[in-house]
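What follows is one structure encoded as C-alpha cells, with my remarks underneath.
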Amino acid sequence: MIDKFDGTEFRFLSNFYPSKVVLDDIEFPTVEHAFQAAKTLDIEERLTIKEASTPGVAKIMGRHVALRLDWEEIKIDVMEALVRQKFNDPALREKLLATGDQILVEGNTWHDSFWGVYNGIGANNLGKILMKIRNEKRNHSEASKQELL
C-alpha cells in the first residue's frame with residue numbers, strides 16, 4: 001500500500017506535482033491549480049488562480065471563489081478528467097503503472113476525508129481515481145501488446 005503521496009518516490013501522485021493540464025483552453029501548472037479554478041465560472045478568478053505561485057496558494061484561493069452552483073455534483077468528474085489528463089504524459093503514466101497493484105491512499109494531515117484519508121478515516125476519492133486510471137492504462141497497454149503479437 002502507498003499511503004502518502006509525498007517524498008521522492010510517490011510525490012508524482014499528488015495534485016501538487018508539476019504537470020501541465022488544460023481546463024477550458026487555459027493551461028495550468030498543476031492539477032491542483034486547475035481543480036481550484038474549475039470551482040468557478042468566473043474567467044478572471046480562473047486566471048488569477050492559474051497565476052498562483054504554488055498549488056497550496058491555489059488551494060487557498062479556491063476557497064474564496066464564486067462557487068459554481070453545480071460544483072458538488074461535478075467535482076469528482078472534474079478531478080477525474082484532470083488526473084486522467086495528467087497521466088497521459090508518458091513518463092508519469094509509466095510511474096503510475098509501476099505502482100503495480102498497490103492500494104493508493106492519499107493519507108494526509110490536513111483533515112481531508114473526502115479526497116483522502118485522515119487518521120484512518122476517509123473516502124479516498126483521489127486514490128480511487130488514480131487506481132481506476134492505472135487499471136485503464138494497464139489494460140490499454142496490455143491490449144496494445146496483444147495487437148503486436
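Lettering and numbering for the C-alpha cells are positional, with chains as A, B, ... in the shown order, residues counted from 1 in each chain, and ligands counted from 1 in the shown order.
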Practice item. Could you give me, as a list in words, the residues within 9 Å of Phe35 in chain A, counting only C-alpha atoms and dropping anything in the same chain fewer than 4 positions from it? Key: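 The neighbour list is Asn15, Leu23, Thr30, Val31, Lys39, Lys59, Gly62, Lys75, Val78, Met79 and Leu82 of chain A.
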Practice item. Determine, counting only C-alpha atoms, which protein, DNA and RNA residues have an atom within 9 Å of an atom of range 66-71 of chain A; residues of the same chain fewer than 3 positions away are not included. Present the result as a PyMOL selection string. Key: chain A and resi 38-42+45+62-63+74-75
Exercise for review: Might you pull out every residue within 7 Å of range 91-108 of chain A, with only C-alpha atoms counted and same-chain residues fewer than 4 positions away left off, and present them as a ChimeraX atom specification?
Suggested key: /A:1-5,87,112,116-118,124,126-127,131,134,138
Practice item. Can you pull out every residue within 12 Å of Phe16 in chain A, counting only C-alpha atoms, but drop anything in the same chain fewer than 6 positions away, and send it as an MDAnalysis selection string? Key: chainID A and resid 5:6 10 28:36 53:59 83 86
**Study point:** Separation of CA of Ala81 in chain A from CA of Trp110 in chain A, in Å and rounded to one decimal
**Key:** 23.8 Å
Exercise for review: Using DSSP on the backbone, list every residue of chain A that comes out as helix (DSSP H, G or I), and give them as a VMD selection string.
Suggested key: chain A and resid 7 to 13 31 to 38 43 to 50 55 to 62 71 to 86 90 to 97 125 to 148
Practice item. From a DSSP pass on the backbone, collect the residues of range 2-112 of chain A flagged as strand (DSSP E or B) and hand them back as a PyMOL selection string. Key: chain A and resi 2+21-23+26-28+40+67+104+107
Exercise for review: Take CA of Gln85 in chain A and CA of Ile60 in chain A and report the distance between them in Å, one decimal.
Suggested key: 23.0 Å
